[in-house]
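Trainee: The structure that follows is given in the form of structure tokens.
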Amino acid sequence: MNRKRLQKLTDTLAKNCKHFNKFEVNCLIKLFYTLVGKSAERPGSVTGLDRNAFRNILHMTFGMTDDMIMDRVFRGFDKDNDGCVNVSEWIHGLSLFLRGSLEEKMKYCFEVFDLNGDGFISKEEMFHMLKNSLLKQPSEEDPDEGIKDLVEITLKKMDQDHDGKLSFTDYEKAVREETLLLEAFGPCLPDPKSQMEFEAQVFKEPHDLNDM
Amino acid sequence: MGVALTRSAQWTAAGYGTGTLETTPLNEALLTEIVTFVESFSYNYPQEAKFVFVEPLTWETNLEPSAFESGYIVSETTAKSEEVDESGQPLLFLSVPQIAVRSFGQLSQLLAVAKDTKLKEAQACIEANRDPVVKILGSDYGTVQEDTTALNILDNFITGYDHESHMKRKIAILLKQLDLHLLNHSLKHISLEICLNPVNFKKDIELLQRLSGRGEETVLESIDYTSDYEFSNGCRAPPWRQIQGEICYVLVKPHDVETLCITCSAEGVFLNGGKVEEEGEIDYERKGEIYKDLVTFLKEKSPVFSENMSKQEVRFSEQQQKEHNEETPKKEESKRMPGTNVDKNKLEKNQINFGKTLMTKRLEPSLNWRTNVDSKDHKSSSKDTQEEKQGKHEKSSASVSAGRAQLLRKGTEKIEEVVSESSSESEEDEEPPDHRQEANADLPSEYWQIQKLVKYLKGGNQTATVIALCSMRDFNLAQETCQLAIRDVGGLEVLINLLDTEEVKCKIGSLKILKEISYNPQIRRNIVDLGGLPIMVNILDSPYKTLKCLAAETIANVAKFKRARQAVRQHGGITKLVALLDCAQTSTEPAQSSLYETRDVEVARCGAMALWSCSKSHSNKEAIRKAGGIPLLAQLLKTSHENMLIPVVGTLQECASEENYRAAIKAERIIENLVKNLNSENEQLQEHCAMAIYQCAEDEETRDLVRLHGGLKPLASLLNNTDNKERLAAVTGAIWKCSISKENIIKFREYKAIETLVGLLTDQPEEVLVNVVGALGECCQEHENRIIVRKCGGIQPLVNLLVGINQALLVNVTKAVGACAVEPESMTIIDRLDGVRLLWSLLKNPHPDVKASAAWALCPCIENAKDAGEMVRSFVGGLELVVNLLKSDNKEVLASVCAAITNIAKDQENLAVITDHGVVPLLSKLANTNNDKLRRHLAEAVSRCCMWGRNRVAFGEHKAVAPLVRYLKSNDTNVHRATAQALYQLSEDADNCITMHENGAVKLLLDMVGSPDQELQEAAAGCISNIRRLALATEKARYT
């Protein structure tokens, strides 16, 4: 990609992004193209990170491990649902990841957890997301009992209107009371440590700052 | 292994070089461990097994050359290994009976050959090679300088990384491991055995404590432990001193000598270097001879002790006997039928049983610090006991076995340093007993729910953990049931473990719970026991401010008792907490919003909260100061947030008990802000500010500062609000201390504070009364104020307070009454209220401060009362009481009583009475003193007492004259004046003149004649003229 196009792209994306400055956008674009690699430069094909590549980044850079959650995060990034994260989606997604306000993050997390997208996190969805969260105790007759119990505990804590499922209002209220519940059903945001490392690495002052 | 061998193994008394190992179970166990180590060595570490020792290990063996088989070249009297080193020397060479071995491989083969006699060989080897490590690895690795070993190894590591040193290093590490293993092993052994000695010391000290006190009859003034903390083995010495056999340290104040700091160790009792003031620690170095027990030691050091002890001896032994009857009836038996073997066994068994019951009495023998008496020594000690018993029954049994039973030195790992501290601990320091919930008791439903949550905490991943933590917070954590439930189901361990993970969310969740439940004193203790504090201290370094805050807040809750505060300090917590205070100024608010950020001010506030808790310990105060806390606190004091100011002022107020702080507080211009905050709306803040001023205003400059910054007015106005007693106490305290300065008193009078103070003399708690009366006592030094107090009707309530029992209050009340009595009109009221009689009866108070203060107060009373002589005589036994107080050993009491006697003696009749009670010899006895205050009043009393009968002669006979002459060399003019007057009176007697002349009085008096003080001039001149006249008369007599 030539310098002119990069400059232009940076300008456009920076205009639409409130959390990053021009320099940061520039860094992230560069990183994006490094990650996408040369193959994507072929004309005609869609330029972007496919599901696997993206999951790989989530795992390596942000320390996420839960397959299902990572899939959901991918969907959260891939706004146009075309199966790959393009450069604009990348910048937007990372802006939320790194700089998002609590409101933005709540919205995003709720979307991640609402597996079927019906606006509610149901008991089944919770069960699905929490099913690997407990060490299996061989002694127990029903291995799922603990999970079911955990789902009940979560509902009791978060379901403010007692309808047996979590609406966004329920979720929002619970999170505002206790921020720790933001990622209640699994880590879908970078943990602060890897976030700091990532920023330190990506946003370090380049030597060729002059040519921007 | 060197450390274990030198410290743990029980060598016979033969000393170095030829020492042999005793056959004790402990030694056997150690040898077995060493043998197992060596045997498996060539298998476990084949490489290292080939390493050739620097010097061979040689010893006398019982093995025959023929025992060696393949791999050895055997002749009749020799055997050598086929394995040789680089220069061709065999690695094992046996020439009956000497054997030399130079590698671990050979050693282990040798043990294989030795079969049944393994242990004997190992023992012989170790006996002959006292420091095997040196022989194996060379002197660099000697365990004698164990501390430097690591450095040496490092040195080698840096200078040359050759193969040999690498190998050596490996072996050194292996040996070190073995050493550690052996130490642990021996510790286990030790812990199985019984401890006896701390018990004896405890009994000794308890007994002496019972016989100590202020009175004349007691054996000591006081005897106290330096540390309140008693380990489960009964010792009070820190563990690393216990290794040396030391059991506890006591501070003893005998009547006649300075305070002694004594070490009670297994070897006996000796004087140590004393308490180091700044550190609050003890200089453990031995400074004197070792005595076999406390009583012998003290008899040697203090004549008064020895004298009083012999008086007490009878009672003492009776008591002892009674105790023994209760505890060990069998001992009695052995006393009655001495010398039979059966008895000996019984006695021994008895002692063992005694020790065992003691062990079972302790609830948690969890700490393995149990020094022991091994079986052999046990026998000898019991024998000693018996012999002594036979010999002298009257001797206290406490002294019998205490120093005797040989306690063995046990080498152990140096564990965490535990130091006693002297501090202004508050009542919450007492560690409450542990109440575990009864297993069968009806448990509330919360218990089961919490148990379930803890299960998820244990077995859940991060997500489940966070859910469980959040859910747990929905329980009422302020309720004790829930707090204890969390602990009882093992939740505390998990919560503390979570703090050690990388998960920020889990840490936050866990700390939020710990913060709440640590309001419970038991939980605090459990958190400390589980090692929670070091982890929290580490979290203070976290980059996330929320975490820092929570950790600091939790520390603030936990550090409410001594051991916790000590732990915080020892893990560097104070420095980190002080660093938190710095947040408010240095860093700028971060642009990025994170979930884990919070305001810097909040961080500083939490830090101040934690420091407030910690600052109740003396050493922590020092640590805060050293960490640069004072300027930061001063900085924070400038804010206007109340919830920040309270902990900051609270900390300052705690710390202001230290001299260093008061100076710093003055220097940092803190007073100004304290005064400012007195005007705050918040009562708690006002209270702490007033308290801090109270502490600091001991210093004159500070008192002036309070006035200059306008602090006196708010103080005076706060007096009007009497509902909050704590605040009232603090405010009156501040007023008391401030009113020591005359300028301040004038201000207080302006603000009508004196009237208000008089109004507070009734219906107030003692803490308030002490301060109110103290303040009035200071105010009444001024004439105008005395009138105000009288006019407001203050004298009656003051006199009424003379019947109290609070020592501090009595000291202040007597002072105030005394100050009032200077005014003749007030004196009439006091007299009418029978105040003088009350003051007089306070001379019988056990506290010397009260006695002295009462005696001082009596002086103006006698001076100003009408018919003073008659009044004094009306107190039956009063004069005798006063005269007898001259036997006190408190200088202040003596000075005050002398002053009182001076006033009493103004009445001829009373002077006659006190002369009959023997005032002259008693005063004469005091003459040898260096205390100028006492000298002055003593001299005045002497000059007054000369006015009766042949008292002048009597003073001479009791050798009071020569010491008095020496008073003239003092630097105090008051002393000079009083002394010159006394000498003038005494010089009326010819013999006294001779004594004075002999002691060079004339020259000294001649100087005094030149003094600007007229009275002194006159008295000195009068005295000289008396002496001169005598000389002339003598001469005349000679020539006629």
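As shown in the structure tokens, the chain order sets the letters A, B, ...; within each chain, residues go from 1, and ligands are also counted from 1 in the order they appear.
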Using only C-alpha atoms, find each residue of chain B with at least one atom at most 9 Å away from an atom of chain A; report its shortest atom-to-atom pair and that distance in Å (one decimal), sort the rows by chain and rising residue number, and return the result as a Markdown table.

Mentor:
```
| residue | atom | partner | partner_atom | distance |
| --- | --- | --- | --- | --- |
| B:Leu453 | CA | A:Leu150 | CA | 8.9 |
| B:Tyr456 | CA | A:Leu134 | CA | 7.1 |
| B:Lys458 | CA | A:Leu135 | CA | 8.8 |
| B:Gly459 | CA | A:Leu135 | CA | 5.0 |
| B:Gly460 | CA | A:Leu134 | CA | 4.2 |
| B:Asn461 | CA | A:Ser133 | CA | 5.0 |
| B:Gln462 | CA | A:Ser133 | CA | 7.6 |
| B:Thr463 | CA | A:Gly186 | CA | 5.4 |
| B:Ala464 | CA | A:Ser133 | CA | 5.7 |
| B:Thr465 | CA | A:Ser133 | CA | 8.7 |
| B:Val466 | CA | A:Leu180 | CA | 7.0 |
| B:Ile467 | CA | A:Thr154 | CA | 6.5 |
| B:Ala468 | CA | A:Ile153 | CA | 7.9 |
| B:Cys470 | CA | A:Leu181 | CA | 7.7 |
| B:Ser471 | CA | A:Lys157 | CA | 6.4 |
| B:Asp474 | CA | A:Lys157 | CA | 8.0 |
| B:Glu503 | CA | A:Asp191 | CA | 8.4 |
| B:Val504 | CA | A:Pro192 | CA | 7.9 |
| B:Lys505 | CA | A:Leu180 | CA | 6.3 |
| B:Cys506 | CA | A:Leu180 | CA | 8.6 |
| B:Ile508 | CA | A:Leu180 | CA | 8.2 |
| B:Gly509 | CA | A:Leu180 | CA | 7.4 |
| B:Gln592 | CA | A:Arg99 | CA | 6.8 |
| B:Ser593 | CA | A:Arg99 | CA | 6.9 |
| B:Ser594 | CA | A:Arg99 | CA | 7.7 |
| B:Leu595 | CA | A:Thr179 | CA | 7.4 |
| B:Tyr596 | CA | A:Pro192 | CA | 8.6 |
```

Trainee: Write out as a PyMOL selection string all residues of stretch 5-201 of chain A that backbone DSSP assigns to strand (DSSP E or B).

Mentor: chain A and resi 49-50+84-85+120-121+134+166-167

Trainee: So, with only C-alpha atoms as the atoms that count, which of A:Leu189, A:Leu13, A:Ala53, A:Val25 lies closest to A:Ile69?

Mentor: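 Of A:Leu189, A:Leu13, A:Ala53, A:Val25, the one nearest A:Ile69, counting only C-alpha atoms, is A:Leu189.
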
Trainee: Which residues come within 8 Å of A:Phe74, counting only C-alpha atoms, excluding same-chain residues fewer than 6 positions away, as an mmCIF file with all heavy atoms, in the first residue's frame?

Mentor:
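Generated file (out-v1.cif):
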```cif
data_model
loop_
_atom_site.group_PDB
_atom_site.id
_atom_site.type_symbol
_atom_site.label_atom_id
_atom_site.label_comp_id
_atom_site.auth_asym_id
_atom_site.auth_seq_id
_atom_site.Cartn_x
_atom_site.Cartn_y
_atom_site.Cartn_z
ATOM 1 N N ARG A 51 -12.007 -15.491 10.294
ATOM 2 C CA ARG A 51 -12.318 -15.938 11.653
ATOM 3 C C ARG A 51 -11.107 -16.545 12.361
ATOM 4 O O ARG A 51 -10.793 -16.211 13.491
ATOM 5 C CB ARG A 51 -13.456 -16.955 11.567
ATOM 6 C CG ARG A 51 -13.974 -17.428 12.911
ATOM 7 C CD ARG A 51 -15.062 -18.438 12.707
ATOM 8 N NE ARG A 51 -16.252 -17.835 12.136
ATOM 9 C CZ ARG A 51 -17.318 -17.482 12.854
ATOM 10 N NH1 ARG A 51 -17.325 -17.675 14.143
ATOM 11 N NH2 ARG A 51 -18.362 -16.939 12.281
ATOM 12 N N PHE A 54 -8.358 -14.028 13.098
ATOM 13 C CA PHE A 54 -8.774 -13.121 14.163
ATOM 14 C C PHE A 54 -8.733 -13.817 15.529
ATOM 15 O O PHE A 54 -8.253 -13.263 16.528
ATOM 16 C CB PHE A 54 -10.183 -12.604 13.866
ATOM 17 C CG PHE A 54 -10.629 -11.549 14.829
ATOM 18 C CD1 PHE A 54 -10.102 -10.271 14.779
ATOM 19 C CD2 PHE A 54 -11.571 -11.842 15.812
ATOM 20 C CE1 PHE A 54 -10.506 -9.307 15.674
ATOM 21 C CE2 PHE A 54 -11.972 -10.880 16.711
ATOM 22 C CZ PHE A 54 -11.436 -9.606 16.635
ATOM 23 N N ARG A 55 -9.243 -15.054 15.540
ATOM 24 C CA ARG A 55 -9.211 -15.800 16.804
ATOM 25 C C ARG A 55 -7.790 -15.983 17.297
ATOM 26 O O ARG A 55 -7.508 -15.922 18.495
ATOM 27 C CB ARG A 55 -9.881 -17.159 16.616
ATOM 28 C CG ARG A 55 -11.363 -17.079 16.834
ATOM 29 C CD ARG A 55 -12.032 -18.375 16.520
ATOM 30 N NE ARG A 55 -11.444 -19.510 17.226
ATOM 31 C CZ ARG A 55 -12.069 -20.654 17.427
ATOM 32 N NH1 ARG A 55 -13.314 -20.804 16.995
ATOM 33 N NH2 ARG A 55 -11.488 -21.635 18.042
ATOM 34 N N VAL A 85 -12.917 -9.487 9.163
ATOM 35 C CA VAL A 85 -12.844 -8.162 9.776
ATOM 36 C C VAL A 85 -12.014 -7.266 8.865
ATOM 37 O O VAL A 85 -10.851 -7.548 8.632
ATOM 38 C CB VAL A 85 -12.189 -8.271 11.172
ATOM 39 C CG1 VAL A 85 -11.927 -6.894 11.742
ATOM 40 C CG2 VAL A 85 -13.051 -9.089 12.098
#
```

Trainee: Which of stretch 115-147 of chain A counts as helix (DSSP H, G or I) under DSSP, as a list in words please?

Mentor: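 Matching residues for helix (DSSP H, G or I) in stretch 115-147 of chain A are Lys123, Glu124, Glu125, Met126, Phe127, His128, Met129, Leu130, Glu145, Gly146 and Ile147 of chain A.
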